[in-house]
Amino acid sequence: MSNAETGTEALRCGALVEGDRPEGAPGVDVLSAREVPLGGPRAMRVRRTLPQRRRTLIGAWCFADHYGPHQVAVSGGMNMPPHPHTGLQTVSWLFSGEIEHRDTLGTHALIRSGEMNLMTGGHGIAHSEVSTPDTAVLHGVQLWVALPGEHRHTARDFQHHVPEPVQVDGAGIRVFLGSLAGRTSPVRTFTPLLGAEIVIEPRATLTLAVDATFEHGLLVDSGDIRMVDTVLRPAELGYVPRGADTLTMANETDAPARAVLIGGPPFEEEIVMWWNFVGRSHEDMVKAREDWEASSGRFGVIEDFPGGPLPAPALPNAVITPRRNPPTR
């Protein structure tokens with residue numbers, strides 16, 4: 001998925017509810033979504049919750065887009081021509097619909113509801129993403145993971161995984177990265193990560209054991225979910241700093257509530273993010289853009305895509321400075 005963001009950022013601090021928070025338990029910050037076009041002003045719209053001005057990463061997760069449900073007959077669906085990535089892994093997860101993925105490794109794969117595609121664009125890769133003709137409703141999330149410095153020039157890679165669901169205390173869980181609820185994903189990552197879809201039954205409460213060295217984020221897709229002391233509404237991302245060894249989520253509606261839980265140990269490196277690239281300096285962004293526009297061998301070519309590649313936007317008229325998270329409270 002390509003980043004064409006021009007919007008602003010927002011963060012809502014979770015309000016305290018008297019007596020709801022266990023003594024010493026971390027609180028919740030609520031990151032509100034901003035709507036941005038996917039690839040251009042007439043493109044499909046997505047809701048972006050990472051990065052924010054006050055929260056660049058959650059673990060190594062550095063980007064979170066949430067889209068749909070889109071009626072493809074109305075919106076036109078997803079039609080992303082070949083575009084580049086460096087220094088990151090892309091994680092695609094669908095709630096409904098079907099997307100065709102092609103990349104410069106020669107991968108040609110479909111992703112459907114309950115399935116995950118993970119693509120590694122270390123030194124450089126390009127891919128295309130197009131919703132299939134049979135897709136009536138397109139709905140899902142696109143997430144990026146920053147690669148640590150020692151691995152940010154790693155080779156291209158692609159992994160596909162279909163996690164088995166597990167039922168826990170009135171909730172269905174699919175663990176696509178890391179470990180949760182007794183399930184462990186076999187998918188390879190370069191830092192410890194957690195990624196899982198959670199569907200909570202109406203009025204049910206779920207408590208999950210989690211790694212206390214991780215910070216966590218809960219991106220709500222549907223329903224109102226109370227986590228710790230704060231109600232998260234659809235399209236909001238609740239952030240919990242490290243220190244919690246359990247997370248309690250309560251569905252406060254009369255319909256199933258769905259969310260995606262992400263997490264990982266705090267990512268201590270500063271990063272630069274611009275367009276579809278993650279690096280460590282402004283010069284990294286300049287070089288990646290030059291290589292893409294010159295059709296260099298760094299990113300490769302998708303031979304059978306019916307159309308040209310996505311051109312890179314102009315660089316800002318300023319030096320892009322590295323960012324990191326604020327100190328953990």
# chains A, B, ... in the order shown; residues from 1 in each chain; ligands from 1

call {"tool": "select_by_dssp", "arguments": {"residues": "segment 66-144 of chain A", "states": "helix (DSSP H, G or I)", "output": "list in words"}}
result
Val72, Ala73, Val74 and Ser75 of chain A

call {"tool": "residues_around", "arguments": {"residues": "Glu303 of chain A", "least_positions_apart": "3", "cutoff": "9 Å", "atoms": "only C-alpha atoms", "output": "MDAnalysis selection string"}}
result
chainID A and resid 104 106 306

call {"tool": "residues_around", "arguments": {"residues": "segment 246-258 of chain A", "least_positions_apart": "5", "cutoff": "9 Å", "atoms": "only C-alpha atoms", "output": "list in words"}}
result
Glu197, Ile198, Val199, Ile200, Glu201, Pro202, Arg203, Ala204, Thr205, Leu206, Thr207, Leu208, Ala209, Val210, Asp211, Ala212, Leu219, Val220, Asp221, Ser222, Gly223, Asp224, Ile225, Arg226, Met227, Val228, Val231 and Pro234 of chain A

call {"tool": "atom_distance", "arguments": {"atom1": "atom CA of Leu88 of chain A", "atom2": "atom CA of His160 of chain A"}}
result
16.5 Å

call {"tool": "residues_around", "arguments": {"residues": "Pro309 of chain A", "least_positions_apart": "5", "cutoff": "10 Å", "atoms": "only C-alpha atoms", "output": "number ranges by chain"}}
result
A: 80-84, 126-128, 292-293, 295, 301-302

call {"tool": "write_last_selection", "arguments": {"atoms": "N, CA and C atoms", "output": "mmCIF file, in the first residue's frame"}}
result
data_model
loop_
_atom_site.group_PDB
_atom_site.id
_atom_site.type_symbol
_atom_site.label_atom_id
_atom_site.label_comp_id
_atom_site.auth_asym_id
_atom_site.auth_seq_id
_atom_site.Cartn_x
_atom_site.Cartn_y
_atom_site.Cartn_z
ATOM 1 N N MET A 80 -3.727 -0.340 -6.833
ATOM 2 C CA MET A 80 -2.416 0.242 -6.579
ATOM 3 C C MET A 80 -1.408 -0.311 -7.575
ATOM 4 N N PRO A 81 -0.946 0.505 -8.519
ATOM 5 C CA PRO A 81 0.079 0.043 -9.462
ATOM 6 C C PRO A 81 1.402 -0.216 -8.750
ATOM 7 N N PRO A 82 2.374 -0.797 -9.439
ATOM 8 C CA PRO A 82 3.662 -1.083 -8.803
ATOM 9 C C PRO A 82 4.245 0.155 -8.120
ATOM 10 N N HIS A 83 4.638 -0.036 -6.852
ATOM 11 C CA HIS A 83 5.226 1.044 -6.062
ATOM 12 C C HIS A 83 6.284 0.429 -5.147
ATOM 13 N N PRO A 84 7.258 1.226 -4.689
ATOM 14 C CA PRO A 84 8.426 0.681 -3.996
ATOM 15 C C PRO A 84 8.288 0.713 -2.479
ATOM 16 N N ALA A 126 9.304 -3.892 -4.989
ATOM 17 C CA ALA A 126 8.110 -3.211 -5.488
ATOM 18 C C ALA A 126 6.987 -4.232 -5.581
ATOM 19 N N HIS A 127 5.744 -3.753 -5.397
ATOM 20 C CA HIS A 127 4.598 -4.645 -5.526
ATOM 21 C C HIS A 127 3.384 -3.866 -6.001
ATOM 22 N N SER A 128 2.382 -4.612 -6.457
ATOM 23 C CA SER A 128 1.086 -4.037 -6.829
ATOM 24 C C SER A 128 0.008 -4.737 -6.030
ATOM 25 N N TRP A 292 14.157 4.792 -7.533
ATOM 26 C CA TRP A 292 12.847 4.406 -8.066
ATOM 27 C C TRP A 292 12.543 5.142 -9.378
ATOM 28 N N GLU A 293 12.779 6.439 -9.410
ATOM 29 C CA GLU A 293 12.478 7.216 -10.609
ATOM 30 C C GLU A 293 13.381 6.826 -11.773
ATOM 31 N N SER A 295 14.284 3.787 -12.378
ATOM 32 C CA SER A 295 13.996 2.377 -12.701
ATOM 33 C C SER A 295 15.233 1.508 -12.514
ATOM 34 N N VAL A 301 11.323 -5.259 -11.348
ATOM 35 C CA VAL A 301 10.234 -4.938 -12.267
ATOM 36 C C VAL A 301 9.157 -6.012 -12.167
ATOM 37 N N ILE A 302 7.887 -5.592 -12.175
ATOM 38 C CA ILE A 302 6.761 -6.521 -12.283
ATOM 39 C C ILE A 302 6.391 -6.569 -13.758
#

call {"tool": "closest_residue", "arguments": {"among": "A:Arg298, A:Arg152, A:Arg289, A:His216", "to": "Pro265 of chain A", "atoms": "only C-alpha atoms"}}
result
A:His216

call {"tool": "closest_residue", "arguments": {"among": "A:Ala60, A:Arg233, A:Leu105, A:Tyr67", "to": "Val36 of chain A", "atoms": "only C-alpha atoms"}}
result
A:Tyr67

call {"tool": "select_by_dssp", "arguments": {"residues": "segment 99-212 of chain A", "states": "strand (DSSP E)", "output": "PyMOL selection string"}}
result
chain A and resi 99-103+108-112+116-121+125-131+137-146+157-161+166-168+171-177+179-180+183-184+194-200+205-209

call {"tool": "atom_distance", "arguments": {"atom1": "atom CA of Val137 of chain A", "atom2": "atom CA of Val91 of chain A"}}
result
19.7 Å

call {"tool": "residues_around", "arguments": {"residues": "Ser113 of chain A", "least_positions_apart": "5", "cutoff": "12 Å", "atoms": "only C-alpha atoms", "output": "ChimeraX atom specification"}}
result
/A:92-99,135,137-141,161-163,174,197

call {"tool": "write_last_selection", "arguments": {"atoms": "N, CA, C and O atoms", "output": "short mmCIF file (atom, residue, chain, number, x, y, z; two decimals), in the first residue's frame"}}
result
data_model
loop_
_atom_site.label_atom_id
_atom_site.label_comp_id
_atom_site.auth_asym_id
_atom_site.auth_seq_id
_atom_site.Cartn_x
_atom_site.Cartn_y
_atom_site.Cartn_z
N SER A 92 -0.51 -7.23 5.42
CA SER A 92 -1.87 -7.04 4.90
C SER A 92 -2.80 -8.05 5.55
O SER A 92 -2.51 -9.25 5.56
N TRP A 93 -3.95 -7.54 6.08
CA TRP A 93 -4.93 -8.39 6.75
C TRP A 93 -6.32 -7.94 6.31
O TRP A 93 -6.66 -6.76 6.43
N LEU A 94 -7.13 -8.88 5.83
CA LEU A 94 -8.46 -8.57 5.31
C LEU A 94 -9.55 -9.10 6.23
O LEU A 94 -9.46 -10.20 6.76
N PHE A 95 -10.61 -8.29 6.40
CA PHE A 95 -11.85 -8.74 7.02
C PHE A 95 -12.82 -9.27 5.98
O PHE A 95 -13.59 -10.19 6.25
N SER A 96 -12.81 -8.67 4.79
CA SER A 96 -13.64 -9.17 3.68
C SER A 96 -13.03 -8.71 2.37
O SER A 96 -12.30 -7.72 2.30
N GLY A 97 -13.36 -9.44 1.30
CA GLY A 97 -12.85 -9.13 -0.02
C GLY A 97 -11.67 -10.00 -0.40
O GLY A 97 -11.30 -10.95 0.30
N GLU A 98 -11.05 -9.65 -1.52
CA GLU A 98 -9.92 -10.41 -2.06
C GLU A 98 -9.02 -9.44 -2.82
O GLU A 98 -9.51 -8.62 -3.61
N ILE A 99 -7.71 -9.53 -2.58
CA ILE A 99 -6.73 -8.66 -3.24
C ILE A 99 -5.68 -9.53 -3.91
O ILE A 99 -5.19 -10.50 -3.34
N THR A 135 -14.72 -9.24 -5.92
CA THR A 135 -14.84 -8.57 -4.62
C THR A 135 -15.97 -7.56 -4.64
O THR A 135 -15.93 -6.58 -5.41
N VAL A 137 -17.24 -6.27 -1.44
CA VAL A 137 -16.95 -5.41 -0.29
C VAL A 137 -15.49 -5.60 0.10
O VAL A 137 -15.04 -6.73 0.31
N LEU A 138 -14.77 -4.50 0.21
CA LEU A 138 -13.36 -4.54 0.57
C LEU A 138 -13.19 -3.89 1.94
O LEU A 138 -13.63 -2.76 2.17
N HIS A 139 -12.51 -4.60 2.85
CA HIS A 139 -12.47 -4.17 4.25
C HIS A 139 -11.25 -4.82 4.91
O HIS A 139 -11.09 -6.04 4.87
N GLY A 140 -10.38 -4.01 5.49
CA GLY A 140 -9.21 -4.60 6.13
C GLY A 140 -8.26 -3.57 6.69
O GLY A 140 -8.60 -2.40 6.86
N VAL A 141 -7.05 -4.02 6.99
CA VAL A 141 -6.00 -3.14 7.50
C VAL A 141 -4.71 -3.41 6.75
O VAL A 141 -4.46 -4.51 6.27
N HIS A 161 0.25 -16.49 5.39
CA HIS A 161 -0.12 -17.32 6.53
C HIS A 161 -1.61 -17.23 6.77
O HIS A 161 -2.21 -16.15 6.69
N VAL A 162 -2.23 -18.39 7.06
CA VAL A 162 -3.65 -18.46 7.40
C VAL A 162 -3.76 -19.00 8.82
O VAL A 162 -3.68 -20.21 9.04
N PRO A 163 -3.90 -18.13 9.82
CA PRO A 163 -3.93 -18.61 11.21
C PRO A 163 -5.23 -19.32 11.55
O PRO A 163 -6.31 -18.91 11.12
N ARG A 174 -7.43 -14.75 16.04
CA ARG A 174 -6.55 -15.26 14.99
C ARG A 174 -5.20 -14.56 15.14
O ARG A 174 -5.11 -13.34 14.96
N GLU A 197 -6.14 -10.64 15.20
CA GLU A 197 -7.53 -10.17 15.09
C GLU A 197 -8.32 -10.76 16.25
O GLU A 197 -8.21 -11.96 16.55
#

call {"tool": "residues_around", "arguments": {"residues": "segment 316-322 of chain A", "least_positions_apart": "2", "cutoff": "6 Å", "atoms": "only C-alpha atoms", "output": "list in words"}}
result
Glu270, Ile271, Val272 and His282 of chain A

call {"tool": "write_last_selection", "arguments": {"atoms": "all heavy atoms", "output": "PDB file, in the first residue's frame"}}
result
ATOM      1  N   GLU A 270      15.863   5.860  16.091  1.00  0.00           N
ATOM      2  CA  GLU A 270      15.196   6.913  15.353  1.00  0.00           C
ATOM      3  C   GLU A 270      15.029   6.469  13.894  1.00  0.00           C
ATOM      4  O   GLU A 270      15.904   5.803  13.335  1.00  0.00           O
ATOM      5  CB  GLU A 270      16.011   8.211  15.392  1.00  0.00           C
ATOM      6  CG  GLU A 270      16.048   8.864  16.755  1.00  0.00           C
ATOM      7  CD  GLU A 270      16.689  10.244  16.705  1.00  0.00           C
ATOM      8  OE1 GLU A 270      17.495  10.493  15.782  1.00  0.00           O
ATOM      9  OE2 GLU A 270      16.390  11.061  17.584  1.00  0.00           O
ATOM     10  N   ILE A 271      13.906   6.836  13.289  1.00  0.00           N
ATOM     11  CA  ILE A 271      13.659   6.486  11.898  1.00  0.00           C
ATOM     12  C   ILE A 271      13.218   7.727  11.128  1.00  0.00           C
ATOM     13  O   ILE A 271      12.729   8.699  11.704  1.00  0.00           O
ATOM     14  CB  ILE A 271      12.598   5.378  11.746  1.00  0.00           C
ATOM     15  CG1 ILE A 271      11.223   5.855  12.249  1.00  0.00           C
ATOM     16  CG2 ILE A 271      13.039   4.099  12.442  1.00  0.00           C
ATOM     17  CD1 ILE A 271      10.089   4.878  11.918  1.00  0.00           C
ATOM     18  N   VAL A 272      13.412   7.665   9.830  1.00  0.00           N
ATOM     19  CA  VAL A 272      12.838   8.637   8.907  1.00  0.00           C
ATOM     20  C   VAL A 272      11.846   7.886   8.030  1.00  0.00           C
ATOM     21  O   VAL A 272      12.176   6.846   7.451  1.00  0.00           O
ATOM     22  CB  VAL A 272      13.925   9.301   8.039  1.00  0.00           C
ATOM     23  CG1 VAL A 272      13.292  10.158   6.947  1.00  0.00           C
ATOM     24  CG2 VAL A 272      14.847  10.156   8.891  1.00  0.00           C
ATOM     25  N   HIS A 282      17.585  11.854   5.875  1.00  0.00           N
ATOM     26  CA  HIS A 282      17.025  12.502   4.689  1.00  0.00           C
ATOM     27  C   HIS A 282      17.687  11.961   3.425  1.00  0.00           C
ATOM     28  O   HIS A 282      17.017  11.726   2.404  1.00  0.00           O
ATOM     29  CB  HIS A 282      17.239  14.013   4.804  1.00  0.00           C
ATOM     30  CG  HIS A 282      16.754  14.793   3.613  1.00  0.00           C
ATOM     31  ND1 HIS A 282      15.454  15.239   3.497  1.00  0.00           N
ATOM     32  CD2 HIS A 282      17.410  15.202   2.495  1.00  0.00           C
ATOM     33  CE1 HIS A 282      15.312  15.894   2.349  1.00  0.00           C
ATOM     34  NE2 HIS A 282      16.491  15.888   1.730  1.00  0.00           N
TER      35      HIS A 282
END

call {"tool": "atom_distance", "arguments": {"atom1": "atom CA of Thr189 of chain A", "atom2": "atom CA of Thr154 of chain A"}}
result
11.7 Å

call {"tool": "closest_residue", "arguments": {"among": "A:Glu164, A:Arg102, A:Val278, A:Met119", "to": "Phe305 of chain A", "atoms": "only C-alpha atoms"}}
result
A:Arg102

call {"tool": "closest_atom_pairs", "arguments": {"of": "segment 219-247 of chain A", "to": "segment 32-35 of chain A", "cutoff": "8 Å", "atoms": "only C-alpha atoms", "output": "Markdown table"}}
result
| residue | atom | partner | partner_atom | distance |
| --- | --- | --- | --- | --- |
| A:Ala235 | CA | A:Ala33 | CA | 6.1 |
| A:Glu236 | CA | A:Ser32 | CA | 5.0 |
| A:Leu237 | CA | A:Ser32 | CA | 6.6 |

call {"tool": "closest_residue", "arguments": {"among": "A:Gly297, A:Gly27, A:Pro37, A:Pro311", "to": "Ile125 of chain A", "atoms": "only C-alpha atoms"}}
result
A:Gly297

call {"tool": "residues_around", "arguments": {"residues": "Asp65 of chain A", "least_positions_apart": "6", "cutoff": "7 Å", "atoms": "only C-alpha atoms", "output": "PyMOL selection string"}}
result
chain A and resi 46-49+141-143
